Structures are given as C-alpha cells and as structure tokens.
Amino acid sequence: MLPLKSINVRLAIICLAAASVGLSMVIISTAKLLLVICGLATLLFARRTPATASLLAGTWTPIAILVALGAFGVSLLWSVAPQAEALGAAAKYGKLIVIVLMLLLIRSRREALYALGAFALAQCFVLASGWMLFLHLPVPWATSNVALTSYSVFTSYIGQGIIHAVFAALCWHFRHLVPGRFGRQLAVLVALVALGNVFFVLDGRSGHVVAIALLSLSIMWELPRRYRASVILLPFLLALGLYAGSPKVRERLNLVGAEVQAYSRHEEPATSSALRLNFWYKAVQLIEQHPLAGSGVGSWSTQFNRLQHEQNPHTPLKGSGNPHQEYLLWGVELGIAGLVLFLGLLFSMWRDSLKMQTPYARASQSTVLAWAVACLFNSSLYDAYIGTFFCVLTGLLLA
C-alpha cells in the first residue's frame with residue numbers, strides 16, 4: 001500500500017480535478033496535469049495489490065477509450081490536415097484518458113464521495129455566481145467574455161447551460177447523500193435553482209434540450225412501470241410548458257425557427273442555426289467521400305475549406321474549427337467506423353452503469369444521456385471545457 005501521505009496527496013488531486021470542471025480553464029488545465037502525473041506515478045511506483053488489479057476488471061469503458069484513442073493515433077498516418085493541426089486534435093481527444101485515470105485513482109466509495117462533494121461545492125459556487133451576474137451584483141472572478149451579457153461565469157452560455165442541467169440531475173439522484181436534517185430538501189432546492197438558471201437566465205438552447213431530456217428521464221424513473229412508456233411524450237409536454245412559461249425558452253425556440261427558415265431561403269448565412277446546418281451538410285458530404293477510414297484526425301477544417309472553395313470562395317476556418325456535432329466530427333475523421341466507435345463509447349459507459357446501485361446508476365446514465373444529446377448540437381468532447389467536464393464527471397461516477 002502507498003504511505004498515508006501519498007494517499008492524501010492522491011485524494012487531494014482527485015478532489016481538485018472534480019472541483020475544477022466548474023471553474024476557469026487555468027484551474028482545469030492545472031488539475032488535469034496533476035491528475036496525469038499522479039496517474040503515471042501510481043502506475044509506475046505503487047505496489048500492485050489484488051484490489052488495484054481489479055479496479056478496471058469487468059469494465060468496458062476503458063477498453064472503448066483505448067480503442068478510440070488508438071484509432072485516432074493510427075489515423076495520423078493518412079490525415080490530410082497539417083501536422084500541427086492533426087496532433088492538436090489528437091491531444092483534444094486525449095482527454096478521454098481522464099476517465100481511465102479517475103477509475104484507477106479512486107480506490108473506495110468513501111474517496112468517490114469526497115470527490116463528489118468537492119464537485120458539488122464548486123458547482124454551487126458557479127451557480128451562485130451566475131445568479132449574482134443576473135442580479136447585476138459584482139462578480140470579479142468571472143472570466144467569461146459574455147459574463148455581463150449572458151451571465152455565464154467561466155465558459156460560454158452553451159457550456160454553462162449543459163453543466164447546470166447535468167448538475168441539477170445529479171442533485172436529484174443523490175439527494176439522499178446530502179448530510180444534515182434538511183439535506184434532501186436542500187439538494188432538491190439546488191436542483192430547482194440550477195434548472196431555473198438554465199430555463200430563465202441562460203441563452204443556450206443546447207442546455208434547454210439537455211435539461212428537458214434529463215427531466216423526462218427522471219420523471220420516467222419516478223413513475224410506476226406501467227406508465228413509463230409515456231416518456232415518449234414527456235419531452236414534448238415539457239417543451240410546450242416551458243415555451244408557454246419561460247420567455248427565454250420561447251425566444252430561443254422562435255429564433256431557431258426564424259434562422260432555419262432564413263437558411264432555407266439562402267438568407268442570413270451567419271446565424272447560429274445556419275452555420276450548423278451548413279457544417280452538418282458539408283460533414284455528410286465529406287463522410288460520403290471517405291466512408292471507410294475518414295480523412296484522418298484533425299482533418300475537418302482542411303476538408304471543409306476544400307469543399308467551400310470548390311463551391312464558392314470562403315474565408316478558411318482556423319485549425320480549431322469543428323462541425324458543431326461530435327458524431328459527424330468522428331465520421332469525417334474516422335469514417336463510418338468513427339461513428340460506430342463513438343456510439344460504442346457511449347454504450348460502454350451505459351453498460352458499466354448497469355452494475356451499480358440504483359441512484360448511482362441513474363446519475364451515471366443521466367450523464368451519458370446528457371453527453372449524447374449535447375453532442376447532437378456541439379462537438380462537446382472536442383471542446384476543452386465541456387469535454388473535460390464530461391470526462392471527469394463520467395470517471396468519477398463510474399468509480
């Protein structure tokens with residue numbers, strides 16, 4: 001066994017990583033670096049014990065991650081992207097290893113609960129800061145470029161909405177874990193405050209959709225089994241209710257309709273919806289051109305610019321560009337196999353959650369669903385902030 005001092009340092013790094021995903025990118029990057037160093041040190045110097053050897057036994061997620069990372073690594077051989085862009089993209093996908101590190105480093109339920117507590121405290125801090133921005137109170141630690149206009153503290157309103165929606169679901173599923181006489185009620189209150197921030201404060205439509213999906217799933221689980229088929233209708237009923245009751249949701253949904261109609265008439269090509277539709281259409285074209293192995297890791301920008309120039313002159317995207325859809329991004333870079341790999345990754349997380357007790361399984365499955373839904377409208381894993389959030393949280397919950 002490791003000495004007590006080493007165990008304390010390891011647990012401190014785990015808790016820092018769990019708390020960091022709600023804070024600034026500087027803290028996130030520092031915590032990620034420490035987590036990697038700690039993981040390597042553990043693998044190299046820690047004494048092997050039966051308990052250590054069994055940490056990953058029977059889990060599918062680490063295997064799916066290693067296969068995916070291996071596929072991106074091999075695709076460097078045929079990537080059409082400049083070498084710097086290809087290596088940069090591969091590094092972005094490398095954050096998946098954080099899930100494996102969390103599974104390796106967290107040794108007990110007690111340690112997982114400590115990390116979960118650190119995560120919850122950080123999320124409460126960010127949530128309170130967001131409401132303070134909305135109330136026009138001073139928040140000097142806010143670093144987001146849209147802090148004063150969109151009330152997002154450290155990241156974009158898109159990422160903040162998704163994070164708050166997931167946090168609300170976790171508060172609900174883990175309400176029995178909160179200590180104190182009124183711990184359960186406090187967890188429910190925080191969940192409602194987080195959902196209120198998503199639906200009535202933040203502009204992110206992705207957050208709205210993720211929150212509706214997680215609400216529907218949570219309601220379904222609370223219903224008797226004979227009524228659970230109604231989950232098919234729940235998202236639509238919730239959306240209608242929010243459309244009627246939330247000016248923010250109504251405004252954003254109306255804007256989507258207007259942007260899509262304008263795009264269909266070839267007007268206002270620079271709107272959010274128009275850009276996404278254009279990206280998705282081009283991504284499907286690129287997958288059709290290279291269906292088997294794709295164009296290689298980091299190739300999206302190069303291939304998109306090529307298509308644009310073939311059809312009409314267009315200012316090239318920067319190397320960090322993406323099609324705002326994770327499934328299509330993997331399809332462009334790895335072909336049909338990439339789509340299968342990404343779906344397999346999500347499935348492996350869901351399958352591993354089935355072995356857990358009910359509240360932990362539901363929290364994990366809610367996170368996987370949020371990941372799956374968010375990736376329909378954004379390249380959520382590719383994104384440094386929201387991608388790290390999902391990786392750290394998934395590793396923590398699976399541990």
# chains A, B, ... in the order shown; residues from 1 in each chain; ligands from 1

$ residues_around --residues "A:Leu133" --least-positions-apart "5" --cutoff "8 Å" --atoms "only C-alpha atoms" --output "CSV table (one decimal) with N, CA and C atoms, in the first residue's frame"
chain,number,residue,atom,x,y,z
A,138,PRO,N,-21.6,42.4,-8.2
A,138,PRO,CA,-20.2,42.3,-8.7
A,138,PRO,C,-19.7,40.9,-8.5
A,139,VAL,N,-19.1,40.3,-9.6
A,139,VAL,CA,-18.5,39.0,-9.6
A,139,VAL,C,-17.1,39.1,-10.2
A,147,ALA,N,-19.9,37.3,-19.7
A,147,ALA,CA,-20.4,37.3,-18.3
A,147,ALA,C,-21.4,38.3,-18.0
A,148,LEU,N,-21.3,39.5,-18.6
A,148,LEU,CA,-22.2,40.6,-18.3
A,148,LEU,C,-23.4,40.6,-19.2
A,151,TYR,N,-24.5,36.0,-18.6
A,151,TYR,CA,-24.5,35.6,-17.2
A,151,TYR,C,-23.8,34.2,-17.0
A,152,SER,N,-22.8,33.9,-17.9
A,152,SER,CA,-22.0,32.7,-17.7
A,152,SER,C,-20.7,33.1,-17.1
A,153,VAL,N,-20.3,32.4,-16.1
A,153,VAL,CA,-19.2,32.8,-15.2
A,153,VAL,C,-17.8,32.6,-15.8

$ select_by_dssp --residues "stretch 122-360 of chain A" --states "helix (DSSP H, G or I)" --output "PyMOL selection string"
chain A and resi 122-134+147-150+157-173+175-177+183-200+205-222+225-232+234-245+247-264+272-289+300-311+326-334+336-353+358-360

$ residues_around --residues "A:Trp300" --least-positions-apart "3" --cutoff "10 Å" --atoms "only C-alpha atoms" --output "MDAnalysis selection string"
chainID A and resid 79:81 85:86 89 279 282:283 286 294:297 303:306 317 319:323 328:333

$ closest_atom_pairs --of "stretch 45-139 of chain A" --to "stretch 199-218 of chain A" --cutoff "12 Å" --atoms "only C-alpha atoms" --output "JSON lines"
{"residue": "A:Leu127", "atom": "CA", "partner": "A:Val201", "partner_atom": "CA", "distance": 11.2}
{"residue": "A:Gly130", "atom": "CA", "partner": "A:Val201", "partner_atom": "CA", "distance": 8.7}
{"residue": "A:Trp131", "atom": "CA", "partner": "A:Val201", "partner_atom": "CA", "distance": 8.2}
{"residue": "A:Met132", "atom": "CA", "partner": "A:Val201", "partner_atom": "CA", "distance": 11.2}
{"residue": "A:Leu133", "atom": "CA", "partner": "A:Val201", "partner_atom": "CA", "distance": 9.9}
{"residue": "A:Phe134", "atom": "CA", "partner": "A:Val201", "partner_atom": "CA", "distance": 7.2}
{"residue": "A:Leu135", "atom": "CA", "partner": "A:Val201", "partner_atom": "CA", "distance": 10.3}

$ residues_around --residues "A:Leu35" --least-positions-apart "3" --cutoff "9 Å" --atoms "only C-alpha atoms" --output "list in words"
Arg10, Ile13, Ile14, Leu16, Ala17, Thr30, Ala31, Lys32, Cys38, Gly39, Leu40, Val98, Leu101, Met102 and Leu105 of chain A

$ atom_distance --atom1 "atom CA of A:Gly387" --atom2 "atom CA of A:Val249"
24.6 Å

$ atom_distance --atom1 "atom CA of A:Gly161" --atom2 "atom CA of A:Ser348"
25.5 Å

$ residues_around --residues "stretch 349-351 of chain A" --least-positions-apart "6" --cutoff "8 Å" --atoms "only C-alpha atoms" --output "ChimeraX atom specification"
/A:60-61,364-365,368,398

$ write_last_selection --atoms "N, CA, C and O atoms" --output "short mmCIF file (atom, residue, chain, number, x, y, z; two decimals), in the first residue's frame"
data_model
loop_
_atom_site.label_atom_id
_atom_site.label_comp_id
_atom_site.auth_asym_id
_atom_site.auth_seq_id
_atom_site.Cartn_x
_atom_site.Cartn_y
_atom_site.Cartn_z
N TRP A 60 -16.11 -1.97 -19.44
CA TRP A 60 -15.98 -1.83 -20.89
C TRP A 60 -15.44 -0.46 -21.29
O TRP A 60 -14.81 -0.32 -22.32
N THR A 61 -15.71 0.55 -20.46
CA THR A 61 -15.37 1.92 -20.85
C THR A 61 -13.88 2.11 -21.13
O THR A 61 -13.53 2.71 -22.15
N SER A 364 -25.26 8.15 -13.39
CA SER A 364 -24.34 7.87 -14.49
C SER A 364 -25.07 7.87 -15.83
O SER A 364 -24.58 8.42 -16.83
N GLN A 365 -26.23 7.25 -15.86
CA GLN A 365 -26.99 7.17 -17.11
C GLN A 365 -27.50 8.55 -17.53
O GLN A 365 -27.55 8.86 -18.73
N VAL A 368 -24.54 10.18 -19.23
CA VAL A 368 -24.33 9.63 -20.57
C VAL A 368 -25.37 10.20 -21.54
O VAL A 368 -25.05 10.57 -22.68
N LEU A 398 -18.46 6.53 -12.57
CA LEU A 398 -18.19 5.12 -12.82
C LEU A 398 -17.31 4.52 -11.72
O LEU A 398 -17.35 3.30 -11.47
#

$ atom_distance --atom1 "atom CA of A:Leu44" --atom2 "atom CA of A:Ser75"
28.7 Å

$ closest_atom_pairs --of "stretch 165-224 of chain A" --to "stretch 110-118 of chain A" --cutoff "12 Å" --atoms "only C-alpha atoms" --output "Markdown table"
| residue | atom | partner | partner_atom | distance |
| --- | --- | --- | --- | --- |
| A:Phe167 | CA | A:Leu116 | CA | 11.1 |
| A:Leu170 | CA | A:Leu116 | CA | 10.0 |
| A:Cys171 | CA | A:Leu116 | CA | 10.7 |
| A:Phe174 | CA | A:Leu116 | CA | 9.9 |
| A:Leu177 | CA | A:Leu113 | CA | 8.9 |
| A:Val178 | CA | A:Gly117 | CA | 9.0 |
| A:Pro179 | CA | A:Gly117 | CA | 10.7 |

$ residues_around --residues "A:Leu96" --least-positions-apart "5" --cutoff "9 Å" --atoms "only C-alpha atoms" --output "PDB file with all heavy atoms, in the first residue's frame"
ATOM      1  N   ILE A  65     -12.305   3.390 -24.697  1.00  0.00           N
ATOM      2  CA  ILE A  65     -11.484   4.605 -24.776  1.00  0.00           C
ATOM      3  C   ILE A  65     -10.154   4.310 -25.449  1.00  0.00           C
ATOM      4  O   ILE A  65      -9.705   5.055 -26.339  1.00  0.00           O
ATOM      5  CB  ILE A  65     -11.265   5.180 -23.364  1.00  0.00           C
ATOM      6  CG1 ILE A  65     -12.567   5.787 -22.837  1.00  0.00           C
ATOM      7  CG2 ILE A  65     -10.158   6.228 -23.357  1.00  0.00           C
ATOM      8  CD1 ILE A  65     -12.513   6.174 -21.387  1.00  0.00           C
ATOM      9  N   LEU A  66      -9.492   3.231 -25.048  1.00  0.00           N
ATOM     10  CA  LEU A  66      -8.191   2.892 -25.633  1.00  0.00           C
ATOM     11  C   LEU A  66      -8.320   2.569 -27.122  1.00  0.00           C
ATOM     12  O   LEU A  66      -7.451   2.933 -27.927  1.00  0.00           O
ATOM     13  CB  LEU A  66      -7.577   1.716 -24.880  1.00  0.00           C
ATOM     14  CG  LEU A  66      -7.188   2.002 -23.415  1.00  0.00           C
ATOM     15  CD1 LEU A  66      -6.650   0.743 -22.746  1.00  0.00           C
ATOM     16  CD2 LEU A  66      -6.161   3.126 -23.338  1.00  0.00           C
ATOM     17  N   LEU A  69      -8.835   6.022 -28.891  1.00  0.00           N
ATOM     18  CA  LEU A  69      -7.589   6.785 -28.944  1.00  0.00           C
ATOM     19  C   LEU A  69      -6.598   6.134 -29.897  1.00  0.00           C
ATOM     20  O   LEU A  69      -5.854   6.825 -30.615  1.00  0.00           O
ATOM     21  CB  LEU A  69      -6.984   6.902 -27.542  1.00  0.00           C
ATOM     22  CG  LEU A  69      -7.772   7.748 -26.540  1.00  0.00           C
ATOM     23  CD1 LEU A  69      -7.078   7.769 -25.184  1.00  0.00           C
ATOM     24  CD2 LEU A  69      -7.970   9.166 -27.055  1.00  0.00           C
ATOM     25  N   LEU A 381     -17.168  16.727 -26.745  1.00  0.00           N
ATOM     26  CA  LEU A 381     -15.929  16.109 -26.295  1.00  0.00           C
ATOM     27  C   LEU A 381     -14.723  16.890 -26.797  1.00  0.00           C
ATOM     28  O   LEU A 381     -13.743  17.083 -26.077  1.00  0.00           O
ATOM     29  CB  LEU A 381     -15.851  14.658 -26.769  1.00  0.00           C
ATOM     30  CG  LEU A 381     -14.516  13.950 -26.517  1.00  0.00           C
ATOM     31  CD1 LEU A 381     -14.208  13.883 -25.021  1.00  0.00           C
ATOM     32  CD2 LEU A 381     -14.521  12.553 -27.114  1.00  0.00           C
ATOM     33  N   GLY A 387     -15.860  19.251 -22.641  1.00  0.00           N
ATOM     34  CA  GLY A 387     -15.327  17.903 -22.806  1.00  0.00           C
ATOM     35  C   GLY A 387     -14.657  17.408 -21.538  1.00  0.00           C
ATOM     36  O   GLY A 387     -14.840  16.254 -21.124  1.00  0.00           O
ATOM     37  N   THR A 388     -13.859  18.268 -20.889  1.00  0.00           N
ATOM     38  CA  THR A 388     -13.216  17.878 -19.635  1.00  0.00           C
ATOM     39  C   THR A 388     -14.254  17.653 -18.543  1.00  0.00           C
ATOM     40  O   THR A 388     -14.129  16.735 -17.731  1.00  0.00           O
ATOM     41  CB  THR A 388     -12.212  18.957 -19.200  1.00  0.00           C
ATOM     42  OG1 THR A 388     -11.259  19.177 -20.245  1.00  0.00           O
ATOM     43  CG2 THR A 388     -11.475  18.530 -17.946  1.00  0.00           C
ATOM     44  N   CYS A 391     -15.695  14.201 -19.089  1.00  0.00           N
ATOM     45  CA  CYS A 391     -14.723  13.135 -18.834  1.00  0.00           C
ATOM     46  C   CYS A 391     -14.481  12.954 -17.333  1.00  0.00           C
ATOM     47  O   CYS A 391     -14.490  11.828 -16.823  1.00  0.00           O
ATOM     48  CB  CYS A 391     -13.415  13.429 -19.551  1.00  0.00           C
ATOM     49  SG  CYS A 391     -13.499  13.237 -21.349  1.00  0.00           S
ATOM     50  N   VAL A 392     -14.251  14.064 -16.619  1.00  0.00           N
ATOM     51  CA  VAL A 392     -14.011  13.974 -15.180  1.00  0.00           C
ATOM     52  C   VAL A 392     -15.244  13.421 -14.465  1.00  0.00           C
ATOM     53  O   VAL A 392     -15.147  12.517 -13.608  1.00  0.00           O
ATOM     54  CB  VAL A 392     -13.613  15.347 -14.604  1.00  0.00           C
ATOM     55  CG1 VAL A 392     -13.603  15.315 -13.077  1.00  0.00           C
ATOM     56  CG2 VAL A 392     -12.240  15.759 -15.113  1.00  0.00           C
TER      57      VAL A 392
END

$ closest_residue --among "A:Leu23, A:Leu77, A:Ala274, A:Ile158" --to "A:Ala142" --atoms "only C-alpha atoms"
A:Leu23

$ closest_residue --among "A:Phe119, A:Phe347, A:Phe154, A:Phe390" --to "A:Ser24" --atoms "only C-alpha atoms"
A:Phe154

$ decode --residues "stretch 172-198 of chain A" --atoms "N, CA and C atoms" --output "mmCIF file, in the first residue's frame"
data_model
loop_
_atom_site.group_PDB
_atom_site.id
_atom_site.type_symbol
_atom_site.label_atom_id
_atom_site.label_comp_id
_atom_site.auth_asym_id
_atom_site.auth_seq_id
_atom_site.Cartn_x
_atom_site.Cartn_y
_atom_site.Cartn_z
ATOM 1 N N TRP A 172 -30.685 15.749 -7.825
ATOM 2 C CA TRP A 172 -31.918 14.986 -7.612
ATOM 3 C C TRP A 172 -31.613 13.520 -7.289
ATOM 4 N N HIS A 173 -30.741 12.895 -8.075
ATOM 5 C CA HIS A 173 -30.471 11.469 -7.877
ATOM 6 C C HIS A 173 -29.665 11.194 -6.609
ATOM 7 N N PHE A 174 -28.852 12.161 -6.176
ATOM 8 C CA PHE A 174 -28.017 11.979 -4.989
ATOM 9 C C PHE A 174 -28.557 12.734 -3.772
ATOM 10 N N ARG A 175 -29.832 13.097 -3.791
ATOM 11 C CA ARG A 175 -30.376 13.910 -2.710
ATOM 12 C C ARG A 175 -30.289 13.196 -1.360
ATOM 13 N N HIS A 176 -30.306 11.861 -1.364
ATOM 14 C CA HIS A 176 -30.236 11.118 -0.104
ATOM 15 C C HIS A 176 -28.836 11.122 0.491
ATOM 16 N N LEU A 177 -27.816 11.531 -0.281
ATOM 17 C CA LEU A 177 -26.441 11.535 0.213
ATOM 18 C C LEU A 177 -26.076 12.814 0.957
ATOM 19 N N VAL A 178 -26.884 13.863 0.799
ATOM 20 C CA VAL A 178 -26.546 15.150 1.409
ATOM 21 C C VAL A 178 -26.767 15.053 2.919
ATOM 22 N N PRO A 179 -25.722 15.345 3.723
ATOM 23 C CA PRO A 179 -25.862 15.208 5.181
ATOM 24 C C PRO A 179 -26.735 16.305 5.776
ATOM 25 N N GLY A 180 -27.184 16.061 6.987
ATOM 26 C CA GLY A 180 -27.976 17.058 7.689
ATOM 27 C C GLY A 180 -29.461 16.725 7.692
ATOM 28 N N ARG A 181 -30.162 17.343 8.614
ATOM 29 C CA ARG A 181 -31.594 17.083 8.760
ATOM 30 C C ARG A 181 -32.371 17.477 7.513
ATOM 31 N N PHE A 182 -31.962 18.567 6.890
ATOM 32 C CA PHE A 182 -32.677 19.049 5.708
ATOM 33 C C PHE A 182 -31.847 18.864 4.438
ATOM 34 N N GLY A 183 -30.925 17.890 4.473
ATOM 35 C CA GLY A 183 -30.050 17.664 3.327
ATOM 36 C C GLY A 183 -30.793 17.323 2.048
ATOM 37 N N ARG A 184 -31.774 16.446 2.157
ATOM 38 C CA ARG A 184 -32.547 16.053 0.976
ATOM 39 C C ARG A 184 -33.273 17.251 0.377
ATOM 40 N N GLN A 185 -33.906 18.043 1.235
ATOM 41 C CA GLN A 185 -34.628 19.220 0.747
ATOM 42 C C GLN A 185 -33.677 20.246 0.127
ATOM 43 N N LEU A 186 -32.488 20.373 0.716
ATOM 44 C CA LEU A 186 -31.503 21.308 0.174
ATOM 45 C C LEU A 186 -31.061 20.882 -1.225
ATOM 46 N N ALA A 187 -30.844 19.584 -1.428
ATOM 47 C CA ALA A 187 -30.432 19.083 -2.744
ATOM 48 C C ALA A 187 -31.508 19.356 -3.791
ATOM 49 N N VAL A 188 -32.765 19.140 -3.418
ATOM 50 C CA VAL A 188 -33.869 19.405 -4.352
ATOM 51 C C VAL A 188 -33.943 20.895 -4.672
ATOM 52 N N LEU A 189 -33.743 21.732 -3.670
ATOM 53 C CA LEU A 189 -33.773 23.180 -3.889
ATOM 54 C C LEU A 189 -32.662 23.605 -4.849
ATOM 55 N N VAL A 190 -31.454 23.079 -4.657
ATOM 56 C CA VAL A 190 -30.342 23.418 -5.550
ATOM 57 C C VAL A 190 -30.646 22.959 -6.976
ATOM 58 N N ALA A 191 -31.263 21.774 -7.111
ATOM 59 C CA ALA A 191 -31.640 21.288 -8.445
ATOM 60 C C ALA A 191 -32.611 22.247 -9.122
ATOM 61 N N LEU A 192 -33.588 22.742 -8.367
ATOM 62 C CA LEU A 192 -34.558 23.679 -8.930
ATOM 63 C C LEU A 192 -33.910 25.009 -9.293
ATOM 64 N N VAL A 193 -32.983 25.466 -8.450
ATOM 65 C CA VAL A 193 -32.273 26.715 -8.740
ATOM 66 C C VAL A 193 -31.434 26.562 -10.005
ATOM 67 N N ALA A 194 -30.795 25.407 -10.170
ATOM 68 C CA ALA A 194 -29.989 25.158 -11.375
ATOM 69 C C ALA A 194 -30.865 25.122 -12.622
ATOM 70 N N LEU A 195 -32.001 24.439 -12.536
ATOM 71 C CA LEU A 195 -32.907 24.391 -13.689
ATOM 72 C C LEU A 195 -33.468 25.774 -13.992
ATOM 73 N N GLY A 196 -33.760 26.551 -12.956
ATOM 74 C CA GLY A 196 -34.225 27.911 -13.181
ATOM 75 C C GLY A 196 -33.199 28.736 -13.924
ATOM 76 N N ASN A 197 -31.928 28.529 -13.601
ATOM 77 C CA ASN A 197 -30.871 29.255 -14.296
ATOM 78 C C ASN A 197 -30.809 28.850 -15.764
ATOM 79 N N VAL A 198 -30.990 27.549 -16.031
ATOM 80 C CA VAL A 198 -30.947 27.055 -17.410
ATOM 81 C C VAL A 198 -32.104 27.620 -18.228
#
